[in-house]
Amino acid sequence: MTGSPFGPASHPETLDPVTARAYGKINAFLAVGPLQDDGYHDLVTVFQSLDLAETVTLVPAEDFSVTLSGRYADTTVPLDSSNLGLAAVLALAEATGTTIPVEVAIEKNVPVAGGMGGGSADAAAALVAYAHLIGCTDRDLIAEVARGLGADVPFALRGGTALGTGRGDELSPVLGRGEFHWVLATSTGRLSTPEVYRRLDELRAAGSSTTGADAGPGAGAAEAGPADPAAVLRALGTADPEALAGALHNDMTDAAIDLLPDIAHVMDTGMRAGALRALVSGSGPTVGFLARDHTHALEIAVLLEASRGVRQVVRTTGPAGGAHLVPPPAAA
Ligand code: ATP
């Protein structure tokens, strides 16, 4: 980018880089209300953060910019002010009247556009890092800026397990116990979240989507579940993956499969590999498979590796934490 939107640099060479980390997520429960006049849908969702970290380092510089590295650095991620990491820095700079430009260096370990909140994690990590860099300790202001950046950003800030209502950004903590093992199959196709919402509205208007119970050949068995957030909350409190498997639910499943039919094939493959349950992650196309334990996750991952429509298979656990500063390496 050229030209700081907030005036000249205030001696960036005097500041050290700051690094923060935030995590991707899966929606263990996602119920989507009808389309509202303002174009949004009310959601009831249960988020769980996953141990897939986005690491954001802010390097004081002459101007604002963004760079990418890491497993999922790819050309579809914007490098201008629409990048959520840079957008977060610019929003906090504006809210605090700050003029310290930085390079936002993002190490991406969350699949892009997979319904896993990687961009939101970048925003959350960038907010924590920039707040530290400029000495902003106003948590309410940071929370307000987070909400303005996107519905999933407040959860990426908080992490753990939480119930989200409204647009998913009104959060209540959930007392979870234990660790859950997930295998994630990222797709060779891409889905845009607004497009999946649009298709869900169309399918509902046509009377051909209910709640994910008709998720395509074989996938119905994998995905159909009671639309009861209380069941998920209870299961998360038991640390019992079998109980959680029975309660997972996603209203977006039909629409995601309608747009990208390979998702149903991937779900079938994971279920045949013995997964306790298949769950489209948010608006997809990543599919999460719940495993009993570490060994079970390894078995499922091996069988999924060769599946049609699968780009990458990633094993992870949840819950992970919220956005936090990463201390600089100790001087040698
Ligand atoms: P959503 O929160 O919309 O469900 P997602 O979790 O499916 O998103 P993300 O990887 O967060 O997927 O990004 C979705 C889109 O946002 C990308 O295709 C990209 O164009 C844009 N984007 C903006 N900033 C970022 C970022 N820092 N990392 C990834 N994508 C970004």
# chains A, B, ... in the order shown; residues from 1 in each chain; ligands from 1
call {"tool": "closest_atom_pairs", "arguments": {"of": "chain A", "to": "ligand 1", "cutoff": "6 Å", "atoms": "only C-alpha atoms and all ligand atoms", "output": "JSON lines"}}
result
{"residue": "A:Thr76", "atom": "CA", "partner": "ligand 1", "partner_atom_place_in_ligand_line": "20 (O)", "distance": 5.7}
{"residue": "A:Val77", "atom": "CA", "partner": "ligand 1", "partner_atom_place_in_ligand_line": "19 (C)", "distance": 4.6}
{"residue": "A:Pro78", "atom": "CA", "partner": "ligand 1", "partner_atom_place_in_ligand_line": "23 (C)", "distance": 5.7}
{"residue": "A:Ser82", "atom": "CA", "partner": "ligand 1", "partner_atom_place_in_ligand_line": "23 (C)", "distance": 5.8}
{"residue": "A:Asn83", "atom": "CA", "partner": "ligand 1", "partner_atom_place_in_ligand_line": "24 (N)", "distance": 3.4}
{"residue": "A:Leu84", "atom": "CA", "partner": "ligand 1", "partner_atom_place_in_ligand_line": "24 (N)", "distance": 3.9}
{"residue": "A:Gly85", "atom": "CA", "partner": "ligand 1", "partner_atom_place_in_ligand_line": "27 (N)", "distance": 5.1}
{"residue": "A:Val112", "atom": "CA", "partner": "ligand 1", "partner_atom_place_in_ligand_line": "10 (O)", "distance": 3.4}
{"residue": "A:Ala113", "atom": "CA", "partner": "ligand 1", "partner_atom_place_in_ligand_line": "12 (O)", "distance": 3.1}
{"residue": "A:Gly114", "atom": "CA", "partner": "ligand 1", "partner_atom_place_in_ligand_line": "7 (O)", "distance": 4.2}
{"residue": "A:Gly115", "atom": "CA", "partner": "ligand 1", "partner_atom_place_in_ligand_line": "7 (O)", "distance": 3.2}
{"residue": "A:Met116", "atom": "CA", "partner": "ligand 1", "partner_atom_place_in_ligand_line": "6 (O)", "distance": 4.0}
{"residue": "A:Gly117", "atom": "CA", "partner": "ligand 1", "partner_atom_place_in_ligand_line": "6 (O)", "distance": 3.2}
{"residue": "A:Gly118", "atom": "CA", "partner": "ligand 1", "partner_atom_place_in_ligand_line": "11 (O)", "distance": 4.1}
{"residue": "A:Gly119", "atom": "CA", "partner": "ligand 1", "partner_atom_place_in_ligand_line": "11 (O)", "distance": 3.3}
{"residue": "A:Ser120", "atom": "CA", "partner": "ligand 1", "partner_atom_place_in_ligand_line": "11 (O)", "distance": 5.5}
{"residue": "A:Asp122", "atom": "CA", "partner": "ligand 1", "partner_atom_place_in_ligand_line": "27 (N)", "distance": 5.3}
{"residue": "A:Thr193", "atom": "CA", "partner": "ligand 1", "partner_atom_place_in_ligand_line": "3 (O)", "distance": 5.0}
call {"tool": "write_last_selection", "arguments": {"atoms": "N, CA and C atoms", "output": "PDB file, in the first residue's frame"}}
result
ATOM      1  N   THR A  76      -5.338 -16.294  -3.273  1.00  0.00           N
ATOM      2  CA  THR A  76      -6.710 -15.786  -3.140  1.00  0.00           C
ATOM      3  C   THR A  76      -6.844 -14.859  -1.930  1.00  0.00           C
ATOM      4  N   VAL A  77      -5.820 -14.816  -1.099  1.00  0.00           N
ATOM      5  CA  VAL A  77      -5.896 -13.946   0.090  1.00  0.00           C
ATOM      6  C   VAL A  77      -5.459 -12.537  -0.320  1.00  0.00           C
ATOM      7  N   PRO A  78      -6.303 -11.545  -0.111  1.00  0.00           N
ATOM      8  CA  PRO A  78      -5.964 -10.189  -0.567  1.00  0.00           C
ATOM      9  C   PRO A  78      -4.787  -9.604   0.210  1.00  0.00           C
ATOM     10  N   SER A  82      -8.357  -4.856   2.356  1.00  0.00           N
ATOM     11  CA  SER A  82      -9.460  -5.787   2.599  1.00  0.00           C
ATOM     12  C   SER A  82      -8.949  -7.048   3.304  1.00  0.00           C
ATOM     13  N   ASN A  83      -7.637  -7.209   3.399  1.00  0.00           N
ATOM     14  CA  ASN A  83      -7.113  -8.324   4.202  1.00  0.00           C
ATOM     15  C   ASN A  83      -7.511  -8.088   5.661  1.00  0.00           C
ATOM     16  N   LEU A  84      -8.103  -9.110   6.271  1.00  0.00           N
ATOM     17  CA  LEU A  84      -8.671  -8.902   7.607  1.00  0.00           C
ATOM     18  C   LEU A  84      -7.619  -8.566   8.662  1.00  0.00           C
ATOM     19  N   GLY A  85      -6.394  -9.052   8.487  1.00  0.00           N
ATOM     20  CA  GLY A  85      -5.326  -8.698   9.433  1.00  0.00           C
ATOM     21  C   GLY A  85      -5.002  -7.216   9.336  1.00  0.00           C
ATOM     22  N   VAL A 112      -7.783 -21.576   3.809  1.00  0.00           N
ATOM     23  CA  VAL A 112      -8.456 -20.347   3.379  1.00  0.00           C
ATOM     24  C   VAL A 112      -9.851 -20.674   2.836  1.00  0.00           C
ATOM     25  N   ALA A 113     -10.810 -19.824   3.178  1.00  0.00           N
ATOM     26  CA  ALA A 113     -12.192 -19.958   2.697  1.00  0.00           C
ATOM     27  C   ALA A 113     -12.737 -21.371   2.927  1.00  0.00           C
ATOM     28  N   GLY A 114     -12.421 -21.927   4.077  1.00  0.00           N
ATOM     29  CA  GLY A 114     -12.885 -23.287   4.387  1.00  0.00           C
ATOM     30  C   GLY A 114     -13.962 -23.303   5.447  1.00  0.00           C
ATOM     31  N   GLY A 115     -14.497 -22.120   5.825  1.00  0.00           N
ATOM     32  CA  GLY A 115     -15.475 -22.079   6.905  1.00  0.00           C
ATOM     33  C   GLY A 115     -14.827 -22.282   8.260  1.00  0.00           C
ATOM     34  N   MET A 116     -13.513 -21.987   8.353  1.00  0.00           N
ATOM     35  CA  MET A 116     -12.790 -22.236   9.597  1.00  0.00           C
ATOM     36  C   MET A 116     -12.266 -20.974  10.253  1.00  0.00           C
ATOM     37  N   GLY A 117     -12.699 -19.835   9.745  1.00  0.00           N
ATOM     38  CA  GLY A 117     -12.414 -18.585  10.438  1.00  0.00           C
ATOM     39  C   GLY A 117     -10.954 -18.147  10.440  1.00  0.00           C
ATOM     40  N   GLY A 118     -10.200 -18.518   9.409  1.00  0.00           N
ATOM     41  CA  GLY A 118      -8.781 -18.136   9.384  1.00  0.00           C
ATOM     42  C   GLY A 118      -8.588 -16.625   9.280  1.00  0.00           C
ATOM     43  N   GLY A 119      -9.364 -15.984   8.418  1.00  0.00           N
ATOM     44  CA  GLY A 119      -9.260 -14.523   8.282  1.00  0.00           C
ATOM     45  C   GLY A 119      -9.648 -13.836   9.584  1.00  0.00           C
ATOM     46  N   SER A 120     -10.669 -14.357  10.250  1.00  0.00           N
ATOM     47  CA  SER A 120     -11.095 -13.780  11.528  1.00  0.00           C
ATOM     48  C   SER A 120     -10.003 -13.961  12.581  1.00  0.00           C
ATOM     49  N   ASP A 122      -6.833 -14.036  11.911  1.00  0.00           N
ATOM     50  CA  ASP A 122      -5.820 -13.022  11.574  1.00  0.00           C
ATOM     51  C   ASP A 122      -6.212 -11.666  12.163  1.00  0.00           C
ATOM     52  N   THR A 193     -18.971 -17.591   1.630  1.00  0.00           N
ATOM     53  CA  THR A 193     -20.000 -17.653   2.681  1.00  0.00           C
ATOM     54  C   THR A 193     -21.312 -16.983   2.229  1.00  0.00           C
TER      55      THR A 193
END
call {"tool": "residues_around", "arguments": {"residues": "Leu290 of chain A", "least_positions_apart": "2", "cutoff": "7 Å", "atoms": "only C-alpha atoms", "output": "PDB file with all heavy atoms, in the first residue's frame"}}
result
ATOM      1  N   HIS A 181     -10.921 -34.761  19.205  1.00  0.00           N
ATOM      2  CA  HIS A 181     -10.012 -34.972  18.074  1.00  0.00           C
ATOM      3  C   HIS A 181     -10.794 -34.861  16.771  1.00  0.00           C
ATOM      4  O   HIS A 181     -11.796 -35.561  16.588  1.00  0.00           O
ATOM      5  CB  HIS A 181      -9.365 -36.364  18.173  1.00  0.00           C
ATOM      6  CG  HIS A 181      -8.418 -36.461  19.327  1.00  0.00           C
ATOM      7  ND1 HIS A 181      -7.061 -36.346  19.200  1.00  0.00           N
ATOM      8  CD2 HIS A 181      -8.662 -36.610  20.656  1.00  0.00           C
ATOM      9  CE1 HIS A 181      -6.489 -36.435  20.381  1.00  0.00           C
ATOM     10  NE2 HIS A 181      -7.446 -36.602  21.294  1.00  0.00           N
ATOM     11  N   TRP A 182     -10.320 -33.999  15.897  1.00  0.00           N
ATOM     12  CA  TRP A 182     -10.972 -33.764  14.606  1.00  0.00           C
ATOM     13  C   TRP A 182     -10.009 -34.074  13.471  1.00  0.00           C
ATOM     14  O   TRP A 182      -8.806 -33.816  13.580  1.00  0.00           O
ATOM     15  CB  TRP A 182     -11.365 -32.289  14.469  1.00  0.00           C
ATOM     16  CG  TRP A 182     -12.417 -31.813  15.416  1.00  0.00           C
ATOM     17  CD1 TRP A 182     -12.220 -31.225  16.627  1.00  0.00           C
ATOM     18  CD2 TRP A 182     -13.827 -31.882  15.221  1.00  0.00           C
ATOM     19  NE1 TRP A 182     -13.434 -30.915  17.200  1.00  0.00           N
ATOM     20  CE2 TRP A 182     -14.432 -31.304  16.364  1.00  0.00           C
ATOM     21  CE3 TRP A 182     -14.641 -32.372  14.191  1.00  0.00           C
ATOM     22  CZ2 TRP A 182     -15.810 -31.197  16.497  1.00  0.00           C
ATOM     23  CZ3 TRP A 182     -16.024 -32.263  14.334  1.00  0.00           C
ATOM     24  CH2 TRP A 182     -16.593 -31.687  15.480  1.00  0.00           C
ATOM     25  N   VAL A 183     -10.568 -34.597  12.380  1.00  0.00           N
ATOM     26  CA  VAL A 183      -9.815 -34.680  11.127  1.00  0.00           C
ATOM     27  C   VAL A 183     -10.540 -33.761  10.150  1.00  0.00           C
ATOM     28  O   VAL A 183     -11.755 -33.876   9.965  1.00  0.00           O
ATOM     29  CB  VAL A 183      -9.808 -36.124  10.572  1.00  0.00           C
ATOM     30  CG1 VAL A 183      -9.006 -36.181   9.275  1.00  0.00           C
ATOM     31  CG2 VAL A 183      -9.235 -37.078  11.607  1.00  0.00           C
ATOM     32  N   ALA A 245     -20.819 -36.474  18.974  1.00  0.00           N
ATOM     33  CA  ALA A 245     -21.127 -36.892  17.599  1.00  0.00           C
ATOM     34  C   ALA A 245     -22.637 -36.895  17.364  1.00  0.00           C
ATOM     35  O   ALA A 245     -23.111 -36.479  16.308  1.00  0.00           O
ATOM     36  CB  ALA A 245     -20.539 -38.275  17.328  1.00  0.00           C
ATOM     37  N   ALA A 275     -15.333 -42.549  10.941  1.00  0.00           N
ATOM     38  CA  ALA A 275     -15.530 -41.342  11.756  1.00  0.00           C
ATOM     39  C   ALA A 275     -16.824 -41.463  12.558  1.00  0.00           C
ATOM     40  O   ALA A 275     -17.795 -42.089  12.125  1.00  0.00           O
ATOM     41  CB  ALA A 275     -15.591 -40.110  10.858  1.00  0.00           C
ATOM     42  N   LEU A 276     -16.847 -40.860  13.742  1.00  0.00           N
ATOM     43  CA  LEU A 276     -18.066 -40.878  14.548  1.00  0.00           C
ATOM     44  C   LEU A 276     -19.147 -40.041  13.879  1.00  0.00           C
ATOM     45  O   LEU A 276     -20.337 -40.342  14.001  1.00  0.00           O
ATOM     46  CB  LEU A 276     -17.784 -40.299  15.940  1.00  0.00           C
ATOM     47  CG  LEU A 276     -16.768 -41.062  16.796  1.00  0.00           C
ATOM     48  CD1 LEU A 276     -16.570 -40.358  18.128  1.00  0.00           C
ATOM     49  CD2 LEU A 276     -17.231 -42.504  17.002  1.00  0.00           C
ATOM     50  N   ARG A 277     -18.720 -38.989  13.161  1.00  0.00           N
ATOM     51  CA  ARG A 277     -19.687 -38.093  12.535  1.00  0.00           C
ATOM     52  C   ARG A 277     -18.957 -37.165  11.574  1.00  0.00           C
ATOM     53  O   ARG A 277     -17.806 -36.791  11.820  1.00  0.00           O
ATOM     54  CB  ARG A 277     -20.359 -37.264  13.635  1.00  0.00           C
ATOM     55  CG  ARG A 277     -21.545 -36.454  13.193  1.00  0.00           C
ATOM     56  CD  ARG A 277     -22.773 -37.356  12.981  1.00  0.00           C
ATOM     57  NE  ARG A 277     -23.865 -36.541  12.515  1.00  0.00           N
ATOM     58  CZ  ARG A 277     -24.692 -35.872  13.302  1.00  0.00           C
ATOM     59  NH1 ARG A 277     -24.570 -35.952  14.605  1.00  0.00           N
ATOM     60  NH2 ARG A 277     -25.653 -35.138  12.794  1.00  0.00           N
ATOM     61  N   ALA A 278     -19.628 -36.779  10.498  1.00  0.00           N
ATOM     62  CA  ALA A 278     -19.099 -35.783   9.560  1.00  0.00           C
ATOM     63  C   ALA A 278     -19.873 -34.487   9.748  1.00  0.00           C
ATOM     64  O   ALA A 278     -21.083 -34.503   9.948  1.00  0.00           O
ATOM     65  CB  ALA A 278     -19.274 -36.278   8.132  1.00  0.00           C
ATOM     66  N   GLY A 288     -15.371 -31.535   8.744  1.00  0.00           N
ATOM     67  CA  GLY A 288     -14.717 -32.005   9.963  1.00  0.00           C
ATOM     68  C   GLY A 288     -15.246 -33.383  10.311  1.00  0.00           C
ATOM     69  O   GLY A 288     -16.451 -33.628  10.224  1.00  0.00           O
ATOM     70  N   ARG A 292     -12.664 -40.721  17.883  1.00  0.00           N
ATOM     71  CA  ARG A 292     -12.713 -41.090  19.300  1.00  0.00           C
ATOM     72  C   ARG A 292     -11.493 -40.587  20.052  1.00  0.00           C
ATOM     73  O   ARG A 292     -11.571 -40.129  21.171  1.00  0.00           O
ATOM     74  CB  ARG A 292     -12.765 -42.621  19.438  1.00  0.00           C
ATOM     75  CG  ARG A 292     -14.163 -43.191  19.577  1.00  0.00           C
ATOM     76  CD  ARG A 292     -14.113 -44.667  19.912  1.00  0.00           C
ATOM     77  NE  ARG A 292     -13.352 -45.424  18.932  1.00  0.00           N
ATOM     78  CZ  ARG A 292     -13.839 -45.842  17.773  1.00  0.00           C
ATOM     79  NH1 ARG A 292     -15.093 -45.580  17.462  1.00  0.00           N
ATOM     80  NH2 ARG A 292     -13.083 -46.513  16.921  1.00  0.00           N
TER      81      ARG A 292
END
call {"tool": "residues_around", "arguments": {"residues": "Gly309 of chain A", "least_positions_apart": "6", "cutoff": "7 Å", "atoms": "only C-alpha atoms", "output": "list in words"}}
result
Ser187, Thr188, Asp262 and Val266 of chain A
call {"tool": "write_last_selection", "arguments": {"atoms": "N, CA and C atoms", "output": "PDB file, in the first residue's frame"}}
result
ATOM      1  N   SER A 187     -11.232 -28.927   0.800  1.00  0.00           N
ATOM      2  CA  SER A 187     -11.766 -29.315  -0.494  1.00  0.00           C
ATOM      3  C   SER A 187     -10.971 -28.698  -1.637  1.00  0.00           C
ATOM      4  N   THR A 188     -11.002 -29.371  -2.778  1.00  0.00           N
ATOM      5  CA  THR A 188     -10.381 -28.781  -3.969  1.00  0.00           C
ATOM      6  C   THR A 188     -11.238 -27.617  -4.474  1.00  0.00           C
ATOM      7  N   ASP A 262     -19.169 -32.536  -4.412  1.00  0.00           N
ATOM      8  CA  ASP A 262     -18.076 -33.393  -3.911  1.00  0.00           C
ATOM      9  C   ASP A 262     -18.065 -33.470  -2.383  1.00  0.00           C
ATOM     10  N   VAL A 266     -17.013 -36.627   0.039  1.00  0.00           N
ATOM     11  CA  VAL A 266     -15.993 -36.571   1.093  1.00  0.00           C
ATOM     12  C   VAL A 266     -16.603 -37.026   2.423  1.00  0.00           C
TER      13      VAL A 266
END
call {"tool": "closest_residue", "arguments": {"among": "A:Thr316, A:Val128, A:Leu233, A:Val287", "to": "Met271 of chain A", "atoms": "only C-alpha atoms"}}
result
A:Val287
call {"tool": "residues_around", "arguments": {"residues": "Ser283 of chain A", "least_positions_apart": "4", "cutoff": "10 Å", "atoms": "only C-alpha atoms", "output": "short mmCIF file (atom, residue, chain, number, x, y, z; two decimals) with N, CA and C atoms, in the first residue's frame"}}
result
data_model
loop_
_atom_site.label_atom_id
_atom_site.label_comp_id
_atom_site.auth_asym_id
_atom_site.auth_seq_id
_atom_site.Cartn_x
_atom_site.Cartn_y
_atom_site.Cartn_z
N ASN A 27 -17.74 -24.95 13.89
CA ASN A 27 -19.04 -24.72 14.51
C ASN A 27 -19.65 -26.09 14.79
N LEU A 30 -24.79 -25.18 14.27
CA LEU A 30 -25.07 -23.95 13.53
C LEU A 30 -26.50 -23.99 13.02
N ALA A 113 -10.81 -19.82 3.18
CA ALA A 113 -12.19 -19.96 2.70
C ALA A 113 -12.74 -21.37 2.93
N GLY A 114 -12.42 -21.93 4.08
CA GLY A 114 -12.89 -23.29 4.39
C GLY A 114 -13.96 -23.30 5.45
N GLY A 115 -14.50 -22.12 5.83
CA GLY A 115 -15.48 -22.08 6.91
C GLY A 115 -14.83 -22.28 8.26
N MET A 116 -13.51 -21.99 8.35
CA MET A 116 -12.79 -22.24 9.60
C MET A 116 -12.27 -20.97 10.25
N LEU A 191 -15.94 -22.20 -1.59
CA LEU A 191 -17.29 -21.66 -1.42
C LEU A 191 -17.18 -20.30 -0.76
N SER A 192 -18.02 -19.36 -1.23
CA SER A 192 -18.03 -18.07 -0.54
C SER A 192 -19.21 -18.08 0.44
N THR A 193 -18.97 -17.59 1.63
CA THR A 193 -20.00 -17.65 2.68
C THR A 193 -21.31 -16.98 2.23
N PRO A 194 -21.27 -15.75 1.67
CA PRO A 194 -22.54 -15.13 1.24
C PRO A 194 -23.27 -15.97 0.20
N GLU A 195 -22.50 -16.64 -0.67
CA GLU A 195 -23.13 -17.47 -1.70
C GLU A 195 -23.86 -18.66 -1.07
N VAL A 196 -23.28 -19.24 -0.03
CA VAL A 196 -23.93 -20.39 0.62
C VAL A 196 -25.21 -19.94 1.33
N TYR A 197 -25.15 -18.77 1.98
CA TYR A 197 -26.38 -18.24 2.60
C TYR A 197 -27.47 -18.02 1.55
N ASN A 250 -25.53 -28.77 11.48
CA ASN A 250 -25.24 -27.59 10.67
C ASN A 250 -26.33 -27.37 9.62
N ASP A 251 -27.06 -26.26 9.74
CA ASP A 251 -28.13 -25.93 8.78
C ASP A 251 -27.60 -25.61 7.39
N MET A 252 -26.31 -25.32 7.26
CA MET A 252 -25.77 -24.90 5.96
C MET A 252 -25.42 -26.08 5.06
N THR A 253 -25.54 -27.30 5.59
CA THR A 253 -25.04 -28.47 4.86
C THR A 253 -25.65 -28.62 3.47
N ALA A 255 -27.08 -26.53 1.47
CA ALA A 255 -26.71 -25.48 0.52
C ALA A 255 -25.27 -25.67 0.06
N ALA A 256 -24.38 -26.01 1.00
CA ALA A 256 -22.97 -26.20 0.63
C ALA A 256 -22.83 -27.38 -0.34
N ILE A 257 -23.56 -28.47 -0.09
CA ILE A 257 -23.48 -29.64 -0.98
C ILE A 257 -24.11 -29.33 -2.33
N VAL A 287 -14.77 -30.25 5.56
CA VAL A 287 -15.60 -31.17 6.36
C VAL A 287 -14.76 -31.62 7.57
#
call {"tool": "decode", "arguments": {"residues": "segment 301-310 of chain A", "atoms": "all heavy atoms", "output": "PDB file, in the first residue's frame"}}
result
ATOM      1  N   ALA A 301      -7.656 -40.199   8.896  1.00  0.00           N
ATOM      2  CA  ALA A 301      -6.867 -39.299   8.043  1.00  0.00           C
ATOM      3  C   ALA A 301      -6.231 -40.063   6.887  1.00  0.00           C
ATOM      4  O   ALA A 301      -6.267 -39.618   5.732  1.00  0.00           O
ATOM      5  CB  ALA A 301      -5.793 -38.601   8.877  1.00  0.00           C
ATOM      6  N   VAL A 302      -5.701 -41.252   7.182  1.00  0.00           N
ATOM      7  CA  VAL A 302      -5.030 -42.032   6.135  1.00  0.00           C
ATOM      8  C   VAL A 302      -6.019 -42.372   5.021  1.00  0.00           C
ATOM      9  O   VAL A 302      -5.725 -42.236   3.833  1.00  0.00           O
ATOM     10  CB  VAL A 302      -4.418 -43.319   6.745  1.00  0.00           C
ATOM     11  CG1 VAL A 302      -3.989 -44.288   5.666  1.00  0.00           C
ATOM     12  CG2 VAL A 302      -3.244 -42.956   7.647  1.00  0.00           C
ATOM     13  N   LEU A 303      -7.235 -42.788   5.395  1.00  0.00           N
ATOM     14  CA  LEU A 303      -8.209 -43.181   4.379  1.00  0.00           C
ATOM     15  C   LEU A 303      -8.729 -41.982   3.589  1.00  0.00           C
ATOM     16  O   LEU A 303      -9.068 -42.083   2.414  1.00  0.00           O
ATOM     17  CB  LEU A 303      -9.363 -43.950   5.033  1.00  0.00           C
ATOM     18  CG  LEU A 303      -8.914 -45.356   5.444  1.00  0.00           C
ATOM     19  CD1 LEU A 303      -9.786 -45.919   6.537  1.00  0.00           C
ATOM     20  CD2 LEU A 303      -8.918 -46.292   4.234  1.00  0.00           C
ATOM     21  N   LEU A 304      -8.779 -40.829   4.232  1.00  0.00           N
ATOM     22  CA  LEU A 304      -9.285 -39.642   3.537  1.00  0.00           C
ATOM     23  C   LEU A 304      -8.275 -39.081   2.546  1.00  0.00           C
ATOM     24  O   LEU A 304      -8.659 -38.453   1.555  1.00  0.00           O
ATOM     25  CB  LEU A 304      -9.624 -38.549   4.554  1.00  0.00           C
ATOM     26  CG  LEU A 304     -10.999 -38.625   5.182  1.00  0.00           C
ATOM     27  CD1 LEU A 304     -11.084 -37.662   6.356  1.00  0.00           C
ATOM     28  CD2 LEU A 304     -12.090 -38.290   4.165  1.00  0.00           C
ATOM     29  N   GLU A 305      -6.987 -39.300   2.826  1.00  0.00           N
ATOM     30  CA  GLU A 305      -5.927 -38.705   1.995  1.00  0.00           C
ATOM     31  C   GLU A 305      -6.171 -38.965   0.509  1.00  0.00           C
ATOM     32  O   GLU A 305      -5.913 -38.105  -0.319  1.00  0.00           O
ATOM     33  CB  GLU A 305      -4.543 -39.286   2.353  1.00  0.00           C
ATOM     34  CG  GLU A 305      -4.043 -38.949   3.746  1.00  0.00           C
ATOM     35  CD  GLU A 305      -3.321 -37.615   3.816  1.00  0.00           C
ATOM     36  OE1 GLU A 305      -3.224 -36.954   2.778  1.00  0.00           O
ATOM     37  OE2 GLU A 305      -2.880 -37.256   4.927  1.00  0.00           O
ATOM     38  N   ALA A 306      -6.661 -40.172   0.202  1.00  0.00           N
ATOM     39  CA  ALA A 306      -6.773 -40.560  -1.207  1.00  0.00           C
ATOM     40  C   ALA A 306      -8.147 -40.231  -1.792  1.00  0.00           C
ATOM     41  O   ALA A 306      -8.429 -40.573  -2.938  1.00  0.00           O
ATOM     42  CB  ALA A 306      -6.511 -42.054  -1.320  1.00  0.00           C
ATOM     43  N   SER A 307      -9.002 -39.546  -1.031  1.00  0.00           N
ATOM     44  CA  SER A 307     -10.374 -39.359  -1.490  1.00  0.00           C
ATOM     45  C   SER A 307     -10.491 -38.278  -2.561  1.00  0.00           C
ATOM     46  O   SER A 307      -9.820 -37.250  -2.489  1.00  0.00           O
ATOM     47  CB  SER A 307     -11.256 -38.994  -0.298  1.00  0.00           C
ATOM     48  OG  SER A 307     -12.552 -38.734  -0.727  1.00  0.00           O
ATOM     49  N   ARG A 308     -11.389 -38.510  -3.530  1.00  0.00           N
ATOM     50  CA  ARG A 308     -11.660 -37.519  -4.587  1.00  0.00           C
ATOM     51  C   ARG A 308     -12.196 -36.227  -3.964  1.00  0.00           C
ATOM     52  O   ARG A 308     -12.991 -36.275  -3.031  1.00  0.00           O
ATOM     53  CB  ARG A 308     -12.730 -38.096  -5.521  1.00  0.00           C
ATOM     54  CG  ARG A 308     -13.003 -37.250  -6.741  1.00  0.00           C
ATOM     55  CD  ARG A 308     -14.160 -37.831  -7.534  1.00  0.00           C
ATOM     56  NE  ARG A 308     -15.444 -37.437  -6.959  1.00  0.00           N
ATOM     57  CZ  ARG A 308     -16.537 -38.192  -6.944  1.00  0.00           C
ATOM     58  NH1 ARG A 308     -16.502 -39.393  -7.440  1.00  0.00           N
ATOM     59  NH2 ARG A 308     -17.654 -37.742  -6.409  1.00  0.00           N
ATOM     60  N   GLY A 309     -11.748 -35.117  -4.440  1.00  0.00           N
ATOM     61  CA  GLY A 309     -12.276 -33.836  -3.968  1.00  0.00           C
ATOM     62  C   GLY A 309     -11.592 -33.328  -2.711  1.00  0.00           C
ATOM     63  O   GLY A 309     -11.882 -32.233  -2.256  1.00  0.00           O
ATOM     64  N   VAL A 310     -10.677 -34.131  -2.150  1.00  0.00           N
ATOM     65  CA  VAL A 310      -9.980 -33.689  -0.939  1.00  0.00           C
ATOM     66  C   VAL A 310      -8.633 -33.103  -1.324  1.00  0.00           C
ATOM     67  O   VAL A 310      -7.848 -33.731  -2.023  1.00  0.00           O
ATOM     68  CB  VAL A 310      -9.749 -34.871   0.041  1.00  0.00           C
ATOM     69  CG1 VAL A 310      -8.880 -34.448   1.212  1.00  0.00           C
ATOM     70  CG2 VAL A 310     -11.087 -35.389   0.533  1.00  0.00           C
TER      71      VAL A 310
END
